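Source file: run-v4.pdb (PDB, C-alpha atoms)
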ATOM      1  CA  MET A   1      88.576  31.634  55.050
ATOM      2  CA  LEU A   2      89.342  35.150  53.907
ATOM      3  CA  SER A   3      86.843  36.590  56.364
ATOM      4  CA  ARG A   4      88.633  34.763  59.152
ATOM      5  CA  LEU A   5      91.898  36.357  58.070
ATOM      6  CA  VAL A   6      90.256  39.779  58.153
ATOM      7  CA  LEU A   7      88.776  39.056  61.561
ATOM      8  CA  ARG A   8      92.161  37.976  62.833
ATOM      9  CA  ALA A   9      93.943  41.017  61.393
ATOM     10  CA  ALA A  10      91.463  43.520  62.826
ATOM     11  CA  PRO A  11      92.226  43.239  66.562
ATOM     12  CA  ALA A  12      95.977  43.238  65.900
ATOM     13  CA  ALA A  13      95.640  46.387  63.788
ATOM     14  CA  LEU A  14      93.493  48.052  66.422
ATOM     15  CA  ARG A  15      95.972  47.267  69.174
ATOM     16  CA  ALA A  16      98.817  48.663  67.068
ATOM     17  CA  LEU A  17      97.199  52.138  66.986
ATOM     18  CA  PRO A  18      98.556  54.933  69.233
ATOM     19  CA  PRO A  19      96.869  55.644  72.580
ATOM     20  CA  PRO A  20      93.827  57.959  72.826
ATOM     21  CA  VAL A  21      94.373  61.473  71.554
ATOM     22  CA  ALA A  22      92.127  64.494  72.024
ATOM     23  CA  VAL A  23      91.942  65.983  68.550
ATOM     24  CA  GLY A  24      90.881  69.595  68.764
ATOM     25  CA  VAL A  25      87.418  69.929  70.276
ATOM     26  CA  LEU A  26      86.367  66.443  69.145
ATOM     27  CA  HIS A  27      87.375  63.940  71.800
ATOM     28  CA  THR A  28      88.014  60.685  69.986
ATOM     29  CA  THR A  29      89.277  57.603  71.679
ATOM     30  CA  ARG A  30      91.178  56.597  68.578
ATOM     31  CA  PRO A  31      91.983  58.228  65.283
ATOM     32  CA  LEU A  32      89.340  57.344  62.761
ATOM     33  CA  HIS A  33      89.850  55.862  59.309
ATOM     34  CA  THR A  34      93.603  55.539  59.394
ATOM     35  CA  THR A  35      93.815  51.995  58.063
ATOM     36  CA  GLN A  36      93.126  50.795  54.571
ATOM     37  CA  GLN A  37      90.218  48.662  55.732
ATOM     38  CA  SER A  38      87.056  49.120  53.803
ATOM     39  CA  LEU A  39      83.941  47.037  53.420
ATOM     40  CA  ALA A  40      83.969  47.036  49.634
ATOM     41  CA  PRO A  41      84.772  45.210  47.491
ATOM     42  CA  VAL A  42      83.614  42.269  49.564
ATOM     43  CA  PRO A  43      85.842  39.208  49.099
ATOM     44  CA  PRO A  44      83.987  36.412  47.285
ATOM     45  CA  LEU A  45      82.553  33.490  49.244
ATOM     46  CA  PRO A  46      84.778  30.435  49.528
ATOM     47  CA  GLU A  47      83.755  27.601  47.225
ATOM     48  CA  LYS A  48      83.558  24.787  49.729
ATOM     49  CA  GLY A  49      83.285  24.765  53.484
ATOM     50  CA  GLY A  50      85.651  23.104  55.910
ATOM     51  CA  GLU A  51      86.130  19.418  55.292
ATOM     52  CA  VAL A  52      84.092  17.154  57.564
ATOM     53  CA  ARG A  53      84.600  13.415  57.700
ATOM     54  CA  HIS A  54      81.592  11.145  58.099
ATOM     55  CA  GLY A  55      79.517  14.310  58.457
ATOM     56  CA  LEU A  56      80.494  14.648  62.120
ATOM     57  CA  ILE A  57      84.214  15.202  62.680
ATOM     58  CA  PRO A  58      86.162  18.050  61.090
ATOM     59  CA  GLU A  59      89.170  17.101  59.026
ATOM     60  CA  GLU A  60      91.454  19.203  61.224
ATOM     61  CA  PHE A  61      91.145  16.602  63.986
ATOM     62  CA  PHE A  62      92.505  13.877  61.726
ATOM     63  CA  GLN A  63      95.318  16.151  60.545
ATOM     64  CA  PHE A  64      96.116  17.025  64.158
ATOM     65  CA  LEU A  65      96.602  13.373  65.104
ATOM     66  CA  TYR A  66      98.267  12.285  61.878
ATOM     67  CA  PRO A  67     101.928  13.059  62.787
ATOM     68  CA  LYS A  68     101.777  11.049  65.990
ATOM     69  CA  THR A  69      99.405   8.204  65.209
ATOM     70  CA  GLY A  70      99.161   7.944  61.441
ATOM     71  CA  VAL A  71      95.947   7.333  59.536
ATOM     72  CA  THR A  72      94.203   4.904  61.902
ATOM     73  CA  GLY A  73      94.882   6.962  65.025
ATOM     74  CA  PRO A  74      91.579   8.829  65.250
ATOM     75  CA  TYR A  75      89.596   5.663  64.481
ATOM     76  CA  MET A  76      91.381   3.817  67.247
ATOM     77  CA  LEU A  77      90.650   6.725  69.528
ATOM     78  CA  GLY A  78      86.999   6.612  68.514
ATOM     79  CA  THR A  79      86.719   2.879  69.072
ATOM     80  CA  GLY A  80      88.434   3.069  72.436
ATOM     81  CA  LEU A  81      86.241   5.946  73.509
ATOM     82  CA  LEU A  82      83.103   4.105  72.468
ATOM     83  CA  LEU A  83      84.093   0.954  74.353
ATOM     84  CA  TYR A  84      84.926   3.017  77.414
ATOM     85  CA  LEU A  85      81.565   4.786  77.334
ATOM     86  CA  LEU A  86      79.714   1.514  76.890
ATOM     87  CA  SER A  87      81.603  -0.454  79.510
ATOM     88  CA  LYS A  88      81.384   2.197  82.166
ATOM     89  CA  GLU A  89      77.763   2.750  81.126
ATOM     90  CA  ILE A  90      78.331   6.428  80.693
ATOM     91  CA  TYR A  91      76.321   5.794  77.559
ATOM     92  CA  VAL A  92      73.337   3.707  78.687
ATOM     93  CA  ILE A  93      71.659   1.320  76.251
ATOM     94  CA  ASN A  94      67.912   1.569  76.668
ATOM     95  CA  HIS A  95      64.811   1.925  74.539
ATOM     96  CA  GLU A  96      66.069   5.284  73.312
ATOM     97  CA  THR A  97      69.087   3.605  71.770
ATOM     98  CA  ALA A  98      66.875   1.432  69.571
ATOM     99  CA  ALA A  99      64.807   4.434  68.550
ATOM    100  CA  ALA A 100      67.990   6.422  67.782
ATOM    101  CA  ALA A 101      69.367   3.556  65.702
ATOM    102  CA  CYS A 102      66.212   3.319  63.577
ATOM    103  CA  ILE A 103      65.993   7.075  63.112
ATOM    104  CA  LEU A 104      69.658   7.358  62.185
ATOM    105  CA  THR A 105      69.342   4.528  59.664
ATOM    106  CA  VAL A 106      66.427   6.203  57.964
ATOM    107  CA  ILE A 107      68.179   9.593  57.979
ATOM    108  CA  VAL A 108      71.414   8.223  56.552
ATOM    109  CA  TYR A 109      69.524   6.307  53.858
ATOM    110  CA  GLY A 110      67.529   9.419  52.934
ATOM    111  CA  ILE A 111      70.621  11.578  52.735
ATOM    112  CA  LYS A 112      72.542   9.084  50.643
ATOM    113  CA  LYS A 113      69.650   8.781  48.224
ATOM    114  CA  PHE A 114      68.328  12.342  47.924
ATOM    115  CA  GLY A 115      71.398  14.331  48.891
ATOM    116  CA  PRO A 116      72.808  15.056  45.433
ATOM    117  CA  GLY A 117      69.356  15.941  44.055
ATOM    118  CA  VAL A 118      68.678  18.473  46.768
ATOM    119  CA  ALA A 119      72.199  19.858  46.431
ATOM    120  CA  ALA A 120      71.738  20.345  42.682
ATOM    121  CA  PHE A 121      68.409  22.077  43.243
ATOM    122  CA  ALA A 122      69.872  24.432  45.829
ATOM    123  CA  ASP A 123      72.820  25.149  43.544
ATOM    124  CA  LYS A 124      70.425  25.991  40.739
ATOM    125  CA  LEU A 125      68.560  28.445  42.971
ATOM    126  CA  ASN A 126      71.825  30.051  43.962
ATOM    127  CA  GLU A 127      72.923  30.236  40.355
ATOM    128  CA  GLU A 128      69.735  32.019  39.408
ATOM    129  CA  LYS A 129      70.170  34.554  42.186
ATOM    130  CA  VAL A 130      73.766  35.188  41.255
ATOM    131  CA  ALA A 131      72.879  35.381  37.570
ATOM    132  CA  SER A 132      70.146  37.966  38.179
ATOM    133  CA  ALA A 133      72.479  40.043  40.350
ATOM    134  CA  GLN A 134      75.187  39.812  37.689
ATOM    135  CA  ALA A 135      72.679  40.795  35.045
ATOM    136  CA  MET A 136      71.705  43.876  37.034
ATOM    137  CA  LYS A 137      75.342  44.774  37.548
ATOM    138  CA  ASN A 138      76.105  44.304  33.853
ATOM    139  CA  GLU A 139      73.114  46.377  32.921
ATOM    140  CA  ALA A 140      74.196  49.140  35.252
ATOM    141  CA  ILE A 141      77.712  49.010  33.808
ATOM    142  CA  GLN A 142      76.223  49.110  30.310
ATOM    143  CA  THR A 143      74.085  52.147  31.036
ATOM    144  CA  LEU A 144      77.065  53.886  32.560
ATOM    145  CA  GLN A 145      79.158  53.030  29.505
ATOM    146  CA  THR A 146      76.544  54.466  27.169
ATOM    147  CA  ALA A 147      76.375  57.523  29.416
ATOM    148  CA  ILE A 148      80.144  57.881  29.070
ATOM    149  CA  GLU A 149      79.848  57.582  25.292
ATOM    150  CA  GLU A 150      77.130  60.199  25.218
ATOM    151  CA  GLU A 151      79.207  62.484  27.394
ATOM    152  CA  LYS A 152      82.225  62.115  25.112
ATOM    153  CA  LYS A 153      80.012  62.864  22.150
ATOM    154  CA  GLU A 154      78.718  65.975  23.838
ATOM    155  CA  GLN A 155      82.274  67.052  24.520
ATOM    156  CA  TRP A 156      83.127  66.498  20.877
ATOM    157  CA  ARG A 157      80.088  68.545  19.936
ATOM    158  CA  VAL A 158      81.250  71.351  22.146
ATOM    159  CA  GLU A 159      84.471  71.512  20.152
ATOM    160  CA  GLY A 160      82.421  72.421  17.120
ATOM    161  CA  ARG A 161      81.091  75.523  18.715
ATOM    162  CA  THR A 162      83.789  77.624  17.057
ATOM    163  CA  TYR A 163      82.353  76.657  13.686
ATOM    164  CA  LEU A 164      78.900  77.442  14.939
ATOM    165  CA  PHE A 165      79.963  80.899  16.006
ATOM    166  CA  ASP A 166      81.754  81.473  12.722
ATOM    167  CA  ALA A 167      78.608  80.563  10.819
ATOM    168  CA  LYS A 168      76.577  82.859  13.023
ATOM    169  CA  ARG A 169      79.056  85.641  12.532
ATOM    170  CA  ASN A 170      78.847  85.118   8.791
ATOM    171  CA  ASN A 171      75.094  85.248   8.936
ATOM    172  CA  ILE A 172      75.112  88.471  10.868
ATOM    173  CA  ALA A 173      77.696  90.002   8.559
ATOM    174  CA  MET A 174      75.544  89.068   5.625
ATOM    175  CA  LEU A 175      72.484  90.611   7.225
ATOM    176  CA  LEU A 176      74.383  93.791   7.932
ATOM    177  CA  GLU A 177      75.680  93.874   4.383
ATOM    178  CA  THR A 178      72.217  93.341   2.973
ATOM    179  CA  ASN A 179      70.777  96.057   5.152
ATOM    180  CA  TYR A 180      73.530  98.453   4.211
ATOM    181  CA  ARG A 181      73.028  97.832   0.540
ATOM    182  CA  GLU A 182      69.291  98.237   0.806
ATOM    183  CA  ARG A 183      69.725 101.556   2.471
ATOM    184  CA  LEU A 184      72.327 102.580  -0.033
ATOM    185  CA  LEU A 185      69.874 101.784  -2.795
ATOM    186  CA  MET A 186      67.178 103.758  -1.035
ATOM    187  CA  VAL A 187      69.465 106.733  -0.674
ATOM    188  CA  TYR A 188      70.417 106.503  -4.322
ATOM    189  CA  ASN A 189      66.784 106.323  -5.343
ATOM    190  CA  GLU A 190      65.776 109.280  -3.243
ATOM    191  CA  VAL A 191      68.647 111.382  -4.462
ATOM    192  CA  LYS A 192      67.884 110.417  -8.048
ATOM    193  CA  LYS A 193      64.259 111.388  -7.566
ATOM    194  CA  ARG A 194      65.184 114.764  -6.284
ATOM    195  CA  LEU A 195      67.686 115.333  -9.057
ATOM    196  CA  ASP A 196      65.140 114.184 -11.643
ATOM    197  CA  TYR A 197      62.689 116.625 -10.207
ATOM    198  CA  GLN A 198      65.140 119.460 -10.577
ATOM    199  CA  VAL A 199      65.908 118.414 -14.131
ATOM    200  CA  ALA A 200      62.233 118.130 -14.974
ATOM    201  CA  MET A 201      61.643 121.517 -13.471
ATOM    202  CA  GLN A 202      64.331 123.043 -15.611
ATOM    203  CA  ASN A 203      63.030 121.333 -18.728
ATOM    204  CA  LEU A 204      59.551 122.439 -17.986
ATOM    205  CA  LYS A 205      60.641 125.986 -17.425
ATOM    206  CA  ARG A 206      62.620 126.080 -20.666
ATOM    207  CA  GLN A 207      59.752 124.547 -22.578
ATOM    208  CA  LYS A 208      57.315 126.999 -21.166
ATOM    209  CA  GLU A 209      59.633 129.835 -21.996
ATOM    210  CA  GLN A 210      60.025 128.528 -25.550
ATOM    211  CA  ASP A 211      56.323 128.060 -26.037
ATOM    212  CA  HIS A 212      55.553 131.414 -24.626
ATOM    213  CA  MET A 213      58.160 133.091 -26.809
ATOM    214  CA  ILE A 214      56.904 131.329 -29.932
ATOM    215  CA  GLN A 215      53.346 132.299 -29.140
ATOM    216  CA  TRP A 216      54.350 135.862 -28.486
ATOM    217  CA  VAL A 217      56.353 136.003 -31.698
ATOM    218  CA  GLU A 218      53.463 134.510 -33.659
ATOM    219  CA  LYS A 219      51.039 136.883 -32.109
ATOM    220  CA  ASN A 220      53.210 139.826 -32.918
ATOM    221  CA  VAL A 221      53.746 138.632 -36.437
ATOM    222  CA  VAL A 222      50.076 138.162 -36.980
ATOM    223  CA  GLN A 223      49.428 141.551 -35.529
ATOM    224  CA  SER A 224      52.024 143.057 -37.795
ATOM    225  CA  ILE A 225      50.341 141.711 -40.861
ATOM    226  CA  THR A 226      48.310 144.821 -41.852
ATOM    227  CA  PRO A 227      45.074 144.519 -43.781
ATOM    228  CA  GLN A 228      46.739 145.859 -46.879
ATOM    229  CA  GLN A 229      49.421 143.295 -46.788
ATOM    230  CA  GLN A 230      46.722 140.705 -46.366
ATOM    231  CA  LYS A 231      44.958 141.769 -49.529
ATOM    232  CA  GLU A 232      48.212 141.808 -51.414
ATOM    233  CA  SER A 233      49.102 138.364 -50.233
ATOM    234  CA  ILE A 234      45.639 136.949 -51.031
ATOM    235  CA  ALA A 235      45.832 138.432 -54.613
ATOM    236  CA  LYS A 236      49.253 136.933 -55.037
ATOM    237  CA  CYS A 237      47.975 133.593 -53.854
ATOM    238  CA  ILE A 238      45.100 133.670 -56.305
ATOM    239  CA  LEU A 239      47.510 134.464 -59.143
ATOM    240  CA  ASP A 240      49.744 131.634 -58.052
ATOM    241  CA  LEU A 241      46.821 129.271 -57.928
ATOM    242  CA  LYS A 242      45.756 130.251 -61.421
ATOM    243  CA  ALA A 243      49.217 129.678 -62.715
ATOM    244  CA  LEU A 244      49.322 126.345 -61.010
ATOM    245  CA  SER A 245      45.951 125.317 -62.334
ATOM    246  CA  LYS A 246      47.109 126.257 -65.826
ATOM    247  CA  SER A 247      50.169 124.094 -65.490
ATOM    248  CA  ALA A 248      48.065 121.327 -64.090
ATOM    249  CA  HIS A 249      45.611 121.582 -66.960
ATOM    250  CA  ALA A 250      48.578 121.484 -69.330
ATOM    251  CA  ALA A 251      50.007 118.379 -67.662
ATOM    252  CA  VAL A 252      46.770 116.505 -67.916
TER
ATOM    253  CA  LEU B   1     114.255  36.063  66.410
ATOM    254  CA  PRO B   2     110.513  35.545  66.766
ATOM    255  CA  VAL B   3     108.400  38.454  67.917
ATOM    256  CA  ALA B   4     107.869  38.251  71.684
ATOM    257  CA  VAL B   5     104.122  38.156  72.168
ATOM    258  CA  LEU B   6     102.465  38.914  75.454
ATOM    259  CA  LEU B   7     100.878  35.870  77.098
ATOM    260  CA  LYS B   8      97.454  37.391  76.925
ATOM    261  CA  ASP B   9      97.727  37.804  73.188
ATOM    262  CA  THR B  10      98.706  34.223  72.354
ATOM    263  CA  LYS B  11      96.190  31.896  70.878
ATOM    264  CA  LEU B  12      95.002  28.847  72.789
ATOM    265  CA  MET B  13      96.902  26.362  70.636
ATOM    266  CA  ASP B  14     100.186  28.225  71.229
ATOM    267  CA  VAL B  15      99.878  28.301  75.009
ATOM    268  CA  LYS B  16     102.135  25.834  76.799
ATOM    269  CA  LEU B  17     100.502  23.498  79.278
ATOM    270  CA  GLY B  18     102.228  25.082  82.257
ATOM    271  CA  GLN B  19     100.981  28.527  81.275
ATOM    272  CA  LEU B  20      97.411  27.363  80.808
ATOM    273  CA  GLY B  21      96.241  28.420  84.246
ATOM    274  CA  SER B  22      97.646  31.927  84.034
ATOM    275  CA  TRP B  23      96.416  32.268  80.446
ATOM    276  CA  LEU B  24      92.905  31.304  81.494
ATOM    277  CA  ALA B  25      93.025  33.809  84.344
ATOM    278  CA  MET B  26      93.983  36.593  81.937
ATOM    279  CA  ARG B  27      90.953  36.109  79.698
ATOM    280  CA  ASP B  28      88.162  38.632  79.601
ATOM    281  CA  PHE B  29      85.304  37.403  81.795
ATOM    282  CA  THR B  30      83.141  40.496  81.749
ATOM    283  CA  PRO B  31      79.660  39.992  80.216
ATOM    284  CA  GLY B  32      80.792  42.009  77.231
ATOM    285  CA  GLY B  33      83.876  39.846  76.931
ATOM    286  CA  ILE B  34      81.861  36.629  77.163
ATOM    287  CA  LEU B  35      79.409  37.907  74.590
ATOM    288  CA  GLY B  36      82.301  38.889  72.365
ATOM    289  CA  ALA B  37      83.808  35.450  72.707
ATOM    290  CA  MET B  38      80.506  33.787  71.811
ATOM    291  CA  ARG B  39      80.091  36.082  68.823
ATOM    292  CA  ARG B  40      83.629  35.318  67.654
ATOM    293  CA  GLY B  41      83.060  31.586  68.014
ATOM    294  CA  TYR B  42      79.778  31.774  66.152
ATOM    295  CA  ASP B  43      81.344  33.855  63.373
ATOM    296  CA  ARG B  44      84.227  31.425  63.010
ATOM    297  CA  TYR B  45      81.933  28.424  62.724
ATOM    298  CA  TYR B  46      79.492  30.220  60.448
ATOM    299  CA  ASN B  47      82.106  31.524  58.057
ATOM    300  CA  LYS B  48      83.890  28.195  57.889
ATOM    301  CA  TYR B  49      81.010  25.769  57.396
ATOM    302  CA  ILE B  50      77.838  27.596  56.442
ATOM    303  CA  ASN B  51      78.648  30.847  54.622
ATOM    304  CA  VAL B  52      80.108  29.118  51.550
ATOM    305  CA  ARG B  53      79.026  28.566  47.981
ATOM    306  CA  LYS B  54      78.484  24.810  48.220
ATOM    307  CA  GLY B  55      77.807  24.038  51.842
ATOM    308  CA  GLY B  56      77.683  20.408  52.837
ATOM    309  CA  LEU B  57      75.985  18.222  55.374
ATOM    310  CA  GLY B  58      78.729  18.712  57.979
ATOM    311  CA  GLY B  59      77.689  22.245  58.763
ATOM    312  CA  ILE B  60      74.394  21.500  60.453
ATOM    313  CA  SER B  61      75.080  17.874  61.388
ATOM    314  CA  MET B  62      77.893  18.967  63.697
ATOM    315  CA  VAL B  63      75.553  21.403  65.411
ATOM    316  CA  LEU B  64      72.912  18.695  65.806
ATOM    317  CA  ALA B  65      75.461  16.215  67.120
ATOM    318  CA  GLY B  66      76.622  18.801  69.645
ATOM    319  CA  TYR B  67      73.011  19.370  70.682
ATOM    320  CA  ILE B  68      72.442  15.622  71.084
ATOM    321  CA  VAL B  69      75.533  15.264  73.258
ATOM    322  CA  LEU B  70      74.609  18.270  75.368
ATOM    323  CA  SER B  71      71.060  17.109  75.961
ATOM    324  CA  TYR B  72      72.319  13.625  76.863
ATOM    325  CA  MET B  73      74.635  15.186  79.417
ATOM    326  CA  TRP B  74      71.793  17.252  80.898
ATOM    327  CA  SER B  75      69.452  14.279  81.172
ATOM    328  CA  TYR B  76      72.072  11.789  82.379
ATOM    329  CA  SER B  77      70.882  12.019  85.956
ATOM    330  CA  HIS B  78      67.631  10.238  85.165
ATOM    331  CA  ILE B  79      68.989   7.999  82.374
ATOM    332  CA  LYS B  80      71.296   6.659  85.083
ATOM    333  CA  HIS B  81      68.406   4.589  86.389
ATOM    334  CA  ASP B  82      68.266   2.503  83.194
ATOM    335  CA  ARG B  83      71.737   1.117  83.745
ATOM    336  CA  ARG B  84      71.991  -2.673  83.690
ATOM    337  CA  ARG B  85      74.638  -2.889  86.385
ATOM    338  CA  LYS B  86      75.002  -0.695  89.383
ATOM    339  CA  TYR B  87      78.746  -0.989  89.818
ATOM    340  CA  HIS B  88      81.256  -0.694  87.006
TER
END
Representation of the structure as structure tokens:
Amino acid sequence: MLSRLVLRAAPAALRALPPPVAVGVLHTTRPLHTTQQSLAPVPPLPEKGGEVRHGLIPEEFFQFLYPKTGVTGPYMLGTGLLLYLLSKEIYVINHETAAAACILTVIVYGIKKFGPGVAAFADKLNEEKVASAQAMKNEAIQTLQTAIEEEKKEQWRVEGRTYLFDAKRNNIAMLLETNYRERLLMVYNEVKKRLDYQVAMQNLKRQKEQDHMIQWVEKNVVQSITPQQQKESIAKCILDLKALSKSAHAAV
Amino acid sequence: LPVAVLLKDTKLMDVKLGQLGSWLAMRDFTPGGILGAMRRGYDRYYNKYINVRKGGLGGISMVLAGYIVLSYMWSYSHIKHDRRRKYH
């Protein structure tokens, strides 16, 4: 029904457009894509088809005759028509009529008996097709949704990049600090070594001077002790020793 | 005041009986026009009776009935000889 509406609206819309216009170098016979028509989304299929009575005559015929002739009008028309065809032998009764009658009986019986079963089966097939298509569509929507979620998460992650850069800056500052302090320590050590060397040098020099002076003084003193003084001192020592030994003898 | 529609744009059911001749003469009888008319008719029938969720028997049975009638009309000239009376 809806497709018929679209089909009816299309020619009217096309005729309402302005006459041919040469647009620039492109010679078009009508401006393109000016209406809102588009092929998607497709309108859904109608649920049931047009009503048909007795499987042969569309309902519109009965509705057309209803105002003038009421409910029995079309049946009267049908009966009259049938009698006319038979009496004027426009419809001839021959062997084919008997064959047609038998065939029609069998067909009508078959349809009455197996119709609903076949209809249910066909509906089930349709349902499965529609369900699989729906499932695919839902799956696609689901994947797109998860993609959207992921994207939002990534965007949220990007917001954290300031923290990341701060941490990196801290790291680098720490490295620089460490390096600076190491080098400071190295400088201190080197300077201390040099100063220690100077101090040691001075100490050594003073010690050497002292030792040398003491040695020189000793040497001179020993040289100044003449042989005579030596004898005198030895005699004195012997006297002292004797005196000491006497006192020691006395003590014991 | 209803919109004045050109005669050639009216639909068949809106044409008055007196205008029928002129309306018929205004129709498009080029091969493209005839093809277009057949395509439109086919689309109308198809979208009304067959291209639906739960199609019924009427869709194809009307086509078959039309075929039966048409073939009877084409073979009437030799079914004529089976008539029971010559004069009606």
Tell me which protein, DNA and RNA residues are within 9 Å of Gly58 of chain B, counting all atoms listed in the file, leaving out same-chain ones fewer than 4 positions away, and put them as a list in words.
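Non-adjacent residues within range: Gly49, Gly50, Glu51, Val52, Arg53, His54, Gly55, Leu56, Ile57 and Pro58 of chain A; Tyr49, Met62 and Val63 of chain B.
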Atom CA of Lys86 of chain B to atom CA of Ser87 of chain A, straight-line distance in Å:
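Distance reported for this atom pair: 11.9 Å.
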With all atoms listed in the file as the counted atoms, please give the residues lying no more than 10 Å from Ser22 of chain B, apart from itself and same-chain residues fewer than 6 positions off, as a PyMOL selection string.
chain B and resi 7-8+15
Interface, chain B side, toward chain A (10 Å; all atoms listed in the file) as a ChimeraX atom specification
/B:9,40,43-66,72-73,76,79-88
State, in Å with one decimal place, the distance from atom CA of Glu177 of chain A to atom CA of Glu159 of chain A.
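Computed distance, atom CA of Glu177 of chain A to atom CA of Glu159 of chain A, equals 28.7 Å.
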If I take atom CA of Ala133 of chain A and atom CA of Gly117 of chain A, how far is one from the other in Å, to one decimal?
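Computing it gives 24.6 Å between the two atoms.
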Using all atoms listed in the file, determine which residues lie at most 12 Å from Leu24 of chain B, disregarding the query and same-chain residues fewer than 3 positions distant; provide the list as a list in words.
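Near neighbours after the sequence-gap exclusion: Leu7, Lys8, Asp9, Thr10, Lys11, Leu12, Val15, Lys16, Leu17, Gly18, Gln19, Leu20, Gly21, Arg27, Asp28 and Phe29 of chain B.
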Padding 4 Å on each side, edges along x, y and z: where is the centre of the box around the listed atoms of segment 33-43 of chain B, and how long are its edges in Å to one decimal? Output it as lines of an AutoDock Vina configuration file.
center_x = 81.6
center_y = 35.7
center_z = 70.3
size_x = 12.5
size_y = 16.3
size_z = 21.8
N, CA and C atoms modelled onto segment 10-23 of chain B, as an mmCIF file, in the coordinates of the input:
data_model
loop_
_atom_site.group_PDB
_atom_site.id
_atom_site.type_symbol
_atom_site.label_atom_id
_atom_site.label_comp_id
_atom_site.auth_asym_id
_atom_site.auth_seq_id
_atom_site.Cartn_x
_atom_site.Cartn_y
_atom_site.Cartn_z
ATOM 1 N N THR B 10 98.493 35.471 73.088
ATOM 2 C CA THR B 10 98.706 34.223 72.354
ATOM 3 C C THR B 10 97.382 33.501 72.171
ATOM 4 N N LYS B 11 97.381 32.676 71.113
ATOM 5 C CA LYS B 11 96.190 31.896 70.878
ATOM 6 C C LYS B 11 96.252 30.634 71.754
ATOM 7 N N LEU B 12 95.080 29.977 71.865
ATOM 8 C CA LEU B 12 95.002 28.847 72.789
ATOM 9 C C LEU B 12 95.945 27.723 72.378
ATOM 10 N N MET B 13 96.075 27.489 71.071
ATOM 11 C CA MET B 13 96.902 26.362 70.636
ATOM 12 C C MET B 13 98.384 26.636 70.845
ATOM 13 N N ASP B 14 98.771 27.913 71.039
ATOM 14 C CA ASP B 14 100.186 28.225 71.229
ATOM 15 C C ASP B 14 100.574 28.286 72.705
ATOM 16 N N VAL B 15 99.567 28.185 73.575
ATOM 17 C CA VAL B 15 99.878 28.301 75.009
ATOM 18 C C VAL B 15 100.470 26.975 75.487
ATOM 19 N N LYS B 16 101.568 27.069 76.239
ATOM 20 C CA LYS B 16 102.135 25.834 76.799
ATOM 21 C C LYS B 16 101.273 25.371 77.956
ATOM 22 N N LEU B 17 101.374 24.058 78.246
ATOM 23 C CA LEU B 17 100.502 23.498 79.278
ATOM 24 C C LEU B 17 100.701 24.172 80.626
ATOM 25 N N GLY B 18 101.973 24.485 80.952
ATOM 26 C CA GLY B 18 102.228 25.082 82.257
ATOM 27 C C GLY B 18 101.626 26.462 82.384
ATOM 28 N N GLN B 19 101.502 27.169 81.215
ATOM 29 C CA GLN B 19 100.981 28.527 81.275
ATOM 30 C C GLN B 19 99.473 28.575 81.200
ATOM 31 N N LEU B 20 98.846 27.368 81.099
ATOM 32 C CA LEU B 20 97.411 27.363 80.808
ATOM 33 C C LEU B 20 96.612 28.074 81.887
ATOM 34 N N GLY B 21 96.988 27.808 83.156
ATOM 35 C CA GLY B 21 96.241 28.420 84.246
ATOM 36 C C GLY B 21 96.285 29.935 84.190
ATOM 37 N N SER B 22 97.523 30.463 84.050
ATOM 38 C CA SER B 22 97.646 31.927 84.034
ATOM 39 C C SER B 22 96.973 32.503 82.787
ATOM 40 N N TRP B 23 97.061 31.780 81.664
ATOM 41 C CA TRP B 23 96.416 32.268 80.446
ATOM 42 C C TRP B 23 94.915 32.368 80.655
#
